[in-house]
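model_28.cif (mmCIF, C-alpha atoms) appears below.
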data_structure
#
loop_
_atom_site.label_atom_id
_atom_site.label_comp_id
_atom_site.auth_asym_id
_atom_site.auth_seq_id
_atom_site.Cartn_x
_atom_site.Cartn_y
_atom_site.Cartn_z
CA MET A 25 84.73 90.61 111.63
CA SER A 26 86.81 90.49 108.46
CA LEU A 27 86.63 93.30 105.97
CA LYS A 28 85.69 92.65 102.34
CA PRO A 29 88.56 92.74 99.85
CA LEU A 30 88.52 96.08 98.10
CA ILE A 31 89.71 96.71 94.54
CA PRO A 32 90.67 100.37 94.19
CA THR A 33 89.29 102.14 91.15
CA ILE A 34 90.29 105.70 90.43
CA TYR A 35 87.53 107.92 89.07
CA ALA A 36 87.42 111.31 87.43
CA GLY A 37 85.24 112.70 90.24
CA ILE A 38 84.27 111.89 93.82
CA LEU A 39 80.77 112.82 94.89
CA LEU A 40 81.51 113.33 98.59
CA ALA A 41 83.90 116.12 97.65
CA SER A 42 81.08 117.97 95.85
CA CYS A 43 78.37 118.33 98.45
CA ALA A 44 77.33 121.96 97.84
CA GLY A 45 73.59 122.34 97.45
CA PHE A 46 72.40 119.76 99.97
CA GLU A 47 70.53 120.99 103.02
CA ALA A 48 72.45 120.80 106.29
CA GLN A 49 71.75 117.66 108.33
CA ASP A 50 69.92 116.12 105.37
CA ASP A 51 69.93 112.31 105.55
CA LEU A 52 70.73 110.96 102.09
CA ARG A 53 70.49 107.32 101.04
CA GLY A 54 73.41 105.58 99.38
CA ASP A 55 71.30 104.60 96.34
CA GLU A 56 70.59 108.28 95.63
CA LEU A 57 74.29 109.20 95.32
CA PHE A 58 75.92 109.13 91.89
CA VAL A 59 78.58 110.92 89.90
CA GLU A 60 77.24 111.96 86.51
CA GLY A 61 79.70 111.26 83.73
CA GLY A 62 82.14 109.33 85.98
CA ARG A 63 84.92 107.61 84.03
CA VAL A 64 87.33 104.91 85.17
CA LEU A 65 90.90 106.09 84.62
CA GLN A 66 92.81 103.15 86.10
CA PHE A 67 91.87 99.71 87.43
CA TRP A 68 94.13 97.40 89.43
CA VAL A 69 93.47 93.85 90.66
CA GLY A 70 95.05 91.94 93.53
CA GLU A 71 97.48 89.08 92.98
CA LYS A 72 95.72 86.30 94.88
CA ALA A 73 92.79 85.46 97.14
CA ASN A 74 92.80 86.77 100.71
CA ASP A 75 95.55 89.34 100.08
CA GLN A 76 93.04 92.13 100.87
CA PHE A 77 94.50 94.15 98.00
CA GLY A 78 93.37 97.76 98.20
CA TRP A 79 92.85 97.62 101.98
CA VAL A 80 93.70 101.33 102.00
CA ALA A 81 95.05 103.73 99.38
CA SER A 82 96.66 107.16 99.36
CA PRO A 83 97.35 109.73 96.64
CA LEU A 84 100.95 110.90 96.20
CA GLU A 85 101.48 114.33 94.67
CA ASP A 86 104.25 113.03 92.37
CA ALA A 87 106.42 110.17 93.57
CA ASN A 88 108.55 109.53 90.49
CA GLY A 89 109.01 113.05 89.15
CA ASP A 90 107.04 112.68 85.92
CA GLY A 91 104.66 115.53 86.73
CA PHE A 92 101.64 113.30 87.45
CA ALA A 93 100.03 112.29 90.75
CA ASP A 94 100.58 108.65 91.71
CA VAL A 95 98.72 106.10 93.86
CA LEU A 96 99.95 104.08 96.84
CA THR A 97 98.02 100.99 97.95
CA CYS A 98 98.64 97.70 99.70
CA ALA A 99 97.79 94.07 100.40
CA PRO A 100 98.61 93.70 104.13
CA PHE A 101 97.73 89.99 104.25
CA HIS A 102 99.79 89.02 101.20
CA ALA A 103 101.43 85.72 102.16
CA ILE A 104 104.81 84.29 101.24
CA GLU A 105 105.16 80.53 101.81
CA GLY A 106 101.85 80.61 103.65
CA VAL A 107 102.84 83.30 106.17
CA PRO A 108 101.43 86.87 105.97
CA HIS A 109 104.15 89.39 105.14
CA GLY A 110 102.20 92.20 103.48
CA ARG A 111 103.01 94.05 100.28
CA VAL A 112 102.89 97.74 99.29
CA TYR A 113 102.37 98.89 95.69
CA LEU A 114 103.19 102.23 94.06
CA TYR A 115 101.34 102.85 90.79
CA SER A 116 101.83 105.53 88.17
CA GLY A 117 98.94 107.94 87.85
CA ARG A 118 100.07 108.73 84.31
CA ASP A 119 99.67 105.28 82.77
CA GLY A 120 98.70 102.89 85.60
CA SER A 121 101.96 100.95 85.49
CA LEU A 122 103.51 99.50 88.64
CA ILE A 123 106.44 101.72 89.61
CA ARG A 124 107.62 99.41 92.40
CA GLN A 125 106.51 97.24 95.30
CA HIS A 126 107.85 96.46 98.78
CA ASP A 127 107.40 93.23 100.73
CA GLY A 128 107.17 92.98 104.47
CA GLU A 129 109.08 90.55 106.61
CA ARG A 130 107.59 87.44 108.15
CA GLY A 131 104.42 88.37 110.07
CA ASP A 132 104.75 92.13 109.40
CA LEU A 133 101.31 92.80 107.87
CA LEU A 134 103.09 95.56 105.94
CA GLY A 135 100.59 98.02 104.55
CA LEU A 136 97.88 97.89 107.19
CA SER A 137 98.22 101.66 106.86
CA VAL A 138 99.82 103.70 104.06
CA ALA A 139 100.30 107.46 103.69
CA SER A 140 102.02 110.17 101.75
CA ALA A 141 105.01 111.41 103.74
CA GLY A 142 105.65 114.53 101.64
CA ASP A 143 109.13 115.31 100.33
CA LEU A 144 111.32 114.35 103.29
CA ASP A 145 114.65 114.12 101.47
CA GLY A 146 114.29 117.36 99.50
CA ASP A 147 114.65 115.81 96.02
CA GLY A 148 111.41 117.28 94.69
CA CYS A 149 109.47 113.98 94.74
CA THR A 150 106.85 112.77 97.21
CA ASP A 151 108.02 110.06 99.62
CA TYR A 152 105.67 107.48 101.13
CA ALA A 153 105.12 105.46 104.30
CA ALA A 154 103.63 102.12 105.29
CA SER A 155 103.19 100.50 108.68
CA ALA A 156 104.23 97.03 109.79
CA THR A 157 102.09 96.56 112.88
CA GLN A 158 103.38 93.09 113.80
CA PRO A 159 107.11 93.25 112.97
CA ARG A 160 110.16 91.86 114.72
CA THR A 161 110.02 94.84 117.12
CA GLY A 162 106.74 93.52 118.58
CA THR A 163 105.13 96.94 119.02
CA GLY A 164 104.92 98.08 115.39
CA ALA A 165 107.03 100.10 112.97
CA VAL A 166 106.64 102.73 110.26
CA ARG A 167 108.81 102.53 107.15
CA ILE A 168 109.34 105.45 104.79
CA TRP A 169 110.74 105.16 101.27
CA SER A 170 112.02 107.66 98.73
CA GLY A 171 109.48 108.26 95.99
CA ARG A 172 112.20 108.84 93.41
CA THR A 173 114.43 105.82 94.14
CA GLY A 174 112.51 103.46 96.45
CA GLU A 175 115.36 103.58 98.98
CA LEU A 176 114.32 103.02 102.59
CA LEU A 177 114.79 106.42 104.24
CA HIS A 178 113.56 105.69 107.77
CA GLU A 179 112.17 102.99 110.04
CA TRP A 180 110.50 104.45 113.09
CA VAL A 181 109.42 102.58 116.22
CA ASP A 182 108.07 103.63 119.59
CA ALA A 183 111.23 104.00 121.63
CA SER A 184 109.21 104.30 124.85
CA ALA A 185 108.05 100.69 124.60
CA PRO A 186 109.70 98.17 126.96
CA ASN A 187 111.80 95.49 125.27
CA ASP A 188 109.19 92.82 126.01
CA ALA A 189 106.19 94.92 124.92
CA THR A 190 103.99 93.46 122.18
CA GLY A 191 100.82 94.40 120.36
CA TRP A 192 100.90 98.18 120.72
CA ASN A 193 100.03 98.51 117.01
CA PHE A 194 102.31 101.49 116.49
CA GLY A 195 101.55 102.67 112.95
CA ARG A 196 98.00 101.25 112.92
CA GLU A 197 96.97 104.59 111.39
CA MET A 198 99.06 107.35 109.81
CA ALA A 199 98.32 110.73 108.27
CA GLY A 200 100.50 113.34 106.65
CA ALA A 201 100.63 116.25 109.08
CA GLY A 202 102.20 118.85 106.81
CA ASP A 203 104.99 120.97 108.27
CA TRP A 204 103.79 120.80 111.86
CA ASN A 205 106.81 122.51 113.44
CA GLU A 206 107.51 124.86 110.51
CA ASP A 207 111.07 123.66 109.91
CA GLY A 208 110.58 123.19 106.17
CA VAL A 209 110.24 119.39 106.36
CA PRO A 210 106.83 117.63 106.36
CA ASP A 211 105.84 115.62 109.43
CA LEU A 212 103.65 112.59 110.11
CA ALA A 213 100.89 111.71 112.58
CA ILE A 214 101.11 108.10 113.82
CA SER A 215 98.82 106.19 116.18
CA ALA A 216 99.35 103.26 118.54
CA PRO A 217 95.78 102.43 119.60
CA GLN A 218 96.69 99.50 121.81
CA ALA A 219 99.47 101.21 123.73
CA PRO A 220 98.97 101.56 127.48
CA THR A 221 98.66 104.99 129.11
CA ALA A 222 98.05 106.23 132.63
CA ALA A 223 94.38 105.39 132.03
CA GLY A 224 95.16 101.69 131.58
CA ALA A 225 95.86 99.03 128.98
CA GLN A 226 94.98 99.66 125.33
CA ALA A 227 93.98 103.26 125.99
CA GLY A 228 96.02 104.30 122.93
CA LYS A 229 98.01 107.33 121.87
CA VAL A 230 98.86 109.48 118.84
CA GLN A 231 102.17 111.20 118.10
CA ILE A 232 103.25 113.86 115.63
CA ARG A 233 106.71 112.75 114.43
CA SER A 234 109.27 115.06 112.83
CA GLY A 235 110.09 114.17 109.24
CA ALA A 236 113.55 115.64 109.77
CA ASP A 237 114.76 113.62 112.76
CA ASP A 238 111.88 111.46 114.11
CA ALA A 239 111.53 113.66 117.20
CA ILE A 240 108.13 113.60 118.91
CA LEU A 241 106.69 117.06 118.25
CA ALA A 242 103.41 116.48 120.08
CA GLU A 243 101.61 113.59 121.72
CA VAL A 244 98.07 113.02 122.97
CA ARG A 245 96.96 109.96 124.95
CA GLY A 246 93.69 108.16 125.35
CA ALA A 247 91.88 108.61 128.63
CA VAL A 248 89.79 105.42 128.63
CA ALA A 249 91.26 101.98 129.34
CA GLY A 250 90.52 99.71 126.39
CA GLY A 251 89.24 102.67 124.36
CA GLN A 252 91.85 102.21 121.58
CA PHE A 253 92.41 105.89 120.94
CA GLY A 254 93.93 106.12 117.47
CA THR A 255 91.89 103.67 115.37
CA CYS A 256 91.30 106.35 112.75
CA LEU A 257 93.38 109.43 112.05
CA ALA A 258 93.45 112.58 109.92
CA ALA A 259 95.48 115.79 110.12
CA ASP A 260 95.75 119.15 108.37
CA VAL A 261 98.09 121.99 109.29
CA ASP A 262 95.65 124.70 108.18
CA ALA A 263 92.17 123.16 108.07
CA LEU A 264 90.63 126.25 109.67
CA GLY A 265 92.33 128.71 107.30
CA ILE A 266 94.00 130.59 110.14
CA GLY A 267 97.26 128.64 110.37
CA LYS A 268 95.91 126.41 113.14
CA PRO A 269 96.40 122.64 112.67
CA VAL A 270 93.57 120.14 113.16
CA LEU A 271 94.03 116.54 114.31
CA VAL A 272 91.18 113.99 114.14
CA VAL A 273 91.45 110.81 116.23
CA GLY A 274 88.95 107.96 116.46
CA ALA A 275 88.62 105.69 119.50
CA MET A 276 86.55 102.67 118.49
CA ASN A 277 85.81 101.40 122.01
CA GLU A 278 85.15 104.68 123.79
CA GLY A 279 81.72 106.21 124.29
CA GLU A 280 78.39 104.85 125.44
CA GLY A 281 78.15 101.12 124.90
CA GLN A 282 81.70 101.19 123.43
CA ARG A 283 80.15 102.32 120.14
CA GLY A 284 83.04 104.66 119.41
CA ARG A 285 83.93 108.31 119.66
CA VAL A 286 85.97 110.78 117.60
CA HIS A 287 88.15 113.47 119.18
CA VAL A 288 89.17 116.66 117.37
CA PHE A 289 92.13 118.79 118.48
CA HIS A 290 93.11 122.30 117.38
CA GLY A 291 96.55 123.89 117.38
CA ARG A 292 100.10 122.59 117.53
CA ALA A 293 99.75 121.89 121.24
CA LEU A 294 96.76 119.60 120.45
CA GLN A 295 94.17 121.37 122.57
CA PRO A 296 90.86 119.44 122.72
CA ALA A 297 88.28 121.23 120.54
CA PHE A 298 85.24 118.93 120.49
CA VAL A 299 84.11 115.30 120.49
CA VAL A 300 81.78 113.56 118.03
CA GLU A 301 79.81 111.01 120.05
CA SER A 302 78.27 107.85 118.65
CA GLU A 303 74.52 107.48 118.36
CA ALA A 304 72.20 104.58 119.20
CA HIS A 305 72.39 103.10 115.68
CA HIS A 306 76.19 103.18 115.55
CA VAL A 307 78.39 100.12 116.05
CA ASN A 308 81.97 101.41 115.76
CA LEU A 309 82.21 105.11 114.99
CA GLY A 310 85.90 105.92 114.55
CA ARG A 311 87.04 102.35 113.95
CA PHE A 312 88.46 103.11 110.50
CA PHE A 313 88.67 105.89 107.94
CA ALA A 314 88.70 109.62 108.55
CA SER A 315 89.81 112.46 106.31
CA ILE A 316 89.71 116.25 105.99
CA PRO A 317 88.44 116.76 102.42
CA GLY A 318 88.17 120.55 102.48
CA ASP A 319 85.21 122.93 102.26
CA CYS A 320 82.51 120.67 100.81
CA ASP A 321 79.47 122.93 101.21
CA GLY A 322 81.01 126.26 100.20
CA ASP A 323 80.60 128.01 103.55
CA GLY A 324 84.30 128.74 103.93
CA ILE A 325 84.80 126.16 106.70
CA THR A 326 86.58 122.83 106.20
CA GLU A 327 84.70 119.61 106.91
CA ILE A 328 85.80 116.34 108.49
CA TYR A 329 84.72 113.02 106.98
CA LEU A 330 83.87 110.20 109.44
CA VAL A 331 82.35 106.76 108.96
CA ASP A 332 80.76 103.82 110.73
CA PHE A 333 80.47 101.21 107.98
CA GLU A 334 78.92 98.75 110.44
CA GLY A 335 76.23 101.19 111.58
CA GLY A 336 72.58 100.22 111.19
CA GLN A 337 70.46 103.34 110.71
CA ALA A 338 68.77 101.81 107.62
CA GLY A 339 69.10 98.18 108.67
CA PRO A 340 71.92 95.91 109.83
CA GLY A 341 75.26 96.80 108.28
CA SER A 342 73.87 99.66 106.20
CA GLY A 343 76.80 101.91 107.06
CA GLU A 344 77.03 105.65 107.35
CA ALA A 345 79.35 108.52 106.44
CA GLN A 346 79.23 111.97 108.02
CA LEU A 347 80.62 115.36 107.22
CA VAL A 348 81.06 117.56 110.29
CA SER A 349 82.48 121.05 110.64
CA ALA A 350 86.18 121.10 111.57
CA ALA A 351 85.50 124.25 113.57
CA ASP A 352 82.86 123.01 116.01
CA GLY A 353 81.65 119.50 115.06
CA ARG A 354 78.32 120.66 113.62
CA LEU A 355 76.76 117.96 111.42
CA VAL A 356 76.81 119.15 107.80
CA HIS A 357 75.73 116.02 105.89
CA ARG A 358 74.90 112.42 106.67
CA PHE A 359 75.03 109.70 104.01
CA VAL A 360 73.26 106.41 104.80
CA GLY A 361 73.57 103.10 102.95
CA GLN A 362 71.07 100.30 102.52
CA ALA A 363 71.00 97.21 104.73
CA GLY A 364 74.15 95.16 104.22
CA GLU A 365 75.92 97.78 102.05
CA GLY A 366 78.58 98.82 104.55
CA LEU A 367 78.62 102.38 103.20
CA GLY A 368 81.86 104.13 104.13
CA ILE A 369 84.15 101.09 104.12
CA GLY A 370 86.93 103.08 102.47
CA ASN A 371 87.96 106.56 101.43
CA ALA A 372 90.81 107.90 99.33
CA GLU A 373 91.42 110.80 97.00
CA ALA A 374 93.04 110.12 93.66
CA GLY A 375 94.74 113.50 93.10
#

Is it possible to express this structure as structure tokens?
Amino acid sequence: MSLKPLIPTIYAGILLASCAGFEAQDDLRGDELFVEGGRVLQFWVGEKANDQFGWVASPLEDANGDGFADVLTCAPFHAIEGVPHGRVYLYSGRDGSLIRQHDGERGDLLGLSVASAGDLDGDGCTDYAASATQPRTGTGAVRIWSGRTGELLHEWVDASAPNDATGWNFGREMAGAGDWNEDGVPDLAISAPQAPTAAGAQAGKVQIRSGADDAILAEVRGAVAGGQFGTCLAADVDALGIGKPVLVVGAMNEGEGQRGRVHVFHGRALQPAFVVESEAHHVNLGRFFASIPGDCDGDGITEIYLVDFEGGQAGPGSGEAQLVSAADGRLVHRFVGQAGEGLGIGNAEAG
């Protein structure tokens, strides 16, 4: 399956971040959801067909030091001389102008994942990361640039991979992890869903990498061969409000009928907390897109946002988004699209 090209549009409000008032476990249809008074602030269009511009997007608190939030997005299939390289774009939130762009190398698919990296170099501006899942290293790489200057600060790879290893997809998903080890420098969660583990080939793994020195602060590995643990990812160092980090990891081929499964871990040692299992109408729960949007229903507990945009509860390809409690996995809200809508095929906050 190929995903539809997405054109990111930044709005004044996002409905899924304002869910207070709905009854718990209420199934809502996509055509009933709207944002009253929504206003387009910025609108960007891809450069050419099949670039998949806007594949994913991430807000940056302030990359260029002008006091406004900025937006990072990508076109991972952008081709140069007919060969996919990938391209990453940094846009100004103040006026919509292009601050800068970065091109991948031959075959990189640069930008399959992008993320805010926080202020790694201590210059007061937000730095940013993009993955190159098919680079010259063969197993994947994560590149991090200075928000202020655009200088390449780091290129991280999986040093545990054998020299002849290919296709591990290191960097397939990334998420800012905050200051995981409390050293004053923000850290990053990175997945490699096709990496082998003791469970077998393509079981997958996720690492928390130090923003200071690239050290592996924590690692958790998939327990199902072929499960591809790490196909969606979200992290928050204090999602529970008690100083305990939360890590969310999707595994698109785990679970009954390989319909997907999402694992949630609590604490810096990544202790398993609960699992969100797929249901009969799901196709690939945890394949893409997860986030931790905050306390959406006003009960004082943070929620986790999960999707299966291929799910068929209301007909083939209707799609579904869920909000579940970060504390125990309780279903808070379910949003269901119409047949063919693919509800949930992307999520990003604008800042």

- Between CA of Ala103 (chain A) and CA of Leu136 (chain A), measure the distance and give it in Å to one decimal. 13.6 Å

- Message: Suppose a student applies the PyMOL selection byres ((chain A and resi 96) around 8) to this structure; what residues should they get, written as an MDAnalysis selection string?
- Response: chainID A and resid 81:84 94:95 97:98 112:115 138:139 152

Let's have the selection written as a PDB file, in the frame of the given file, with C-alpha atoms.
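Result file follows (part.pdb):
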ATOM      1  CA  ALA A  81      95.050 103.730  99.380  1.00  0.00           C
ATOM      2  CA  SER A  82      96.660 107.160  99.360  1.00  0.00           C
ATOM      3  CA  PRO A  83      97.350 109.730  96.640  1.00  0.00           C
ATOM      4  CA  LEU A  84     100.950 110.900  96.200  1.00  0.00           C
ATOM      5  CA  ASP A  94     100.580 108.650  91.710  1.00  0.00           C
ATOM      6  CA  VAL A  95      98.720 106.100  93.860  1.00  0.00           C
ATOM      7  CA  THR A  97      98.020 100.990  97.950  1.00  0.00           C
ATOM      8  CA  CYS A  98      98.640  97.700  99.700  1.00  0.00           C
ATOM      9  CA  VAL A 112     102.890  97.740  99.290  1.00  0.00           C
ATOM     10  CA  TYR A 113     102.370  98.890  95.690  1.00  0.00           C
ATOM     11  CA  LEU A 114     103.190 102.230  94.060  1.00  0.00           C
ATOM     12  CA  TYR A 115     101.340 102.850  90.790  1.00  0.00           C
ATOM     13  CA  VAL A 138      99.820 103.700 104.060  1.00  0.00           C
ATOM     14  CA  ALA A 139     100.300 107.460 103.690  1.00  0.00           C
ATOM     15  CA  TYR A 152     105.670 107.480 101.130  1.00  0.00           C
TER      16      TYR A 152
END

- Give as a list in words the residues that the PyMOL selection byres ((chain A and resi 173) around 12) matches when applied to the coordinates above.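 Against this file, the PyMOL selection byres ((chain A and resi 173) around 12) returns the residues Ala87, Asn88, Gly89, Leu114, Ile123, Arg124, Gln125, Asp145, Asp147, Gly148, Cys149, Thr150, Asp151, Tyr152, Ile168, Trp169, Ser170, Gly171, Arg172, Gly174, Glu175, Leu176 and Leu177 of chain A.
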
- Between CA of Gly251 (chain A) and CA of Leu355 (chain A) lies a distance of 23.6 Å

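Every protein, DNA or RNA residue with an atom at most 7 Å from Gln218 (chain A), where all atoms listed in the file count and chain neighbours fewer than 3 positions away do not, is listed here: Gly191, Trp192, Asn193, Gln226, Ala227, Gly228 and Gln252 of chain A.
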
Find the spatial neighbours of Thr255 (chain A), counting all atoms listed in the file, within a cut-off of 9 Å - ignore same-chain residues fewer than 2 positions away - and output them as a CSV table (one decimal) with C-alpha atoms, in the coordinates of the input.
chain,number,residue,atom,x,y,z
A,196,ARG,CA,98.0,101.2,112.9
A,197,GLU,CA,97.0,104.6,111.4
A,215,SER,CA,98.8,106.2,116.2
A,216,ALA,CA,99.4,103.3,118.5
A,217,PRO,CA,95.8,102.4,119.6
A,228,GLY,CA,96.0,104.3,122.9
A,252,GLN,CA,91.8,102.2,121.6
A,253,PHE,CA,92.4,105.9,120.9
A,257,LEU,CA,93.4,109.4,112.0
A,273,VAL,CA,91.4,110.8,116.2
A,274,GLY,CA,89.0,108.0,116.5
A,275,ALA,CA,88.6,105.7,119.5
A,276,MET,CA,86.6,102.7,118.5
A,310,GLY,CA,85.9,105.9,114.6
A,311,ARG,CA,87.0,102.4,114.0
A,312,PHE,CA,88.5,103.1,110.5
A,313,PHE,CA,88.7,105.9,107.9

- Task: Could you expand the PyMOL selection byres ((chain A and resi 198) around 6) into the explicit residues it covers here, written as a list in words?
- Result: Glu197, Ala199, Ala213 and Ile214 of chain A

- Rounded to one decimal in Å, what is the spacing between CA of Ala236 (chain A) and CA of Glu179 (chain A)?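 Atom-to-atom, CA of Ala236 (chain A) to CA of Glu179 (chain A), that is 12.7 Å.
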
Find the axis-aligned box for region 75-88 of chain A, covering all its listed atoms and adding 3 Å on each side, and write its centre and edge lengths in Å to one decimal as AutoDock Vina command-line options.
--center_x 100.7 --center_y 101.8 --center_z 96.2 --size_x 21.7 --size_y 31.0 --size_z 17.5

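Of the listed residues (A:Val166, A:Ile266, A:Leu271, A:Leu294), A:Leu294 comes nearest to Val244 (chain A); the distances count all atoms listed in the file.
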
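Here the question is which of A:Ala249, A:Ile316, A:Leu367, A:Leu133 gets nearest to Val107 (chain A) using all atoms listed in the file, and that residue is A:Leu133.
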
- Item | From A:Ala297, A:Ala219, A:Cys256, A:Val356, residue lying nearest Val331 (chain A) [only C-alpha atoms] |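 Comparing A:Ala297, A:Ala219, A:Cys256, A:Val356 against Val331 (chain A), the winner is A:Cys256.
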
- Message: Residues within 9 Å of region 206-209 of chain A, please, as number ranges by chain. Count only C-alpha atoms; anything in the same chain fewer than 6 positions from it doesn't count.
- Response: A: 142-146, 234-236

- Task: Taking (104.1, 110.9, 107.1) in the file's own coordinates, collect the residues within 6 Å, counting all atoms listed in the file, and hand them back as a ChimeraX atom specification.
- Result: /A:140-141,199-200,211-212

- Determine, counting only C-alpha atoms, which protein, DNA and RNA residues have an atom within 10 Å of an atom of Gln337 (chain A); residues of the same chain fewer than 5 positions away are not included. Present the result as a PyMOL selection string. chain A and resi 303-306+342-344+360-363
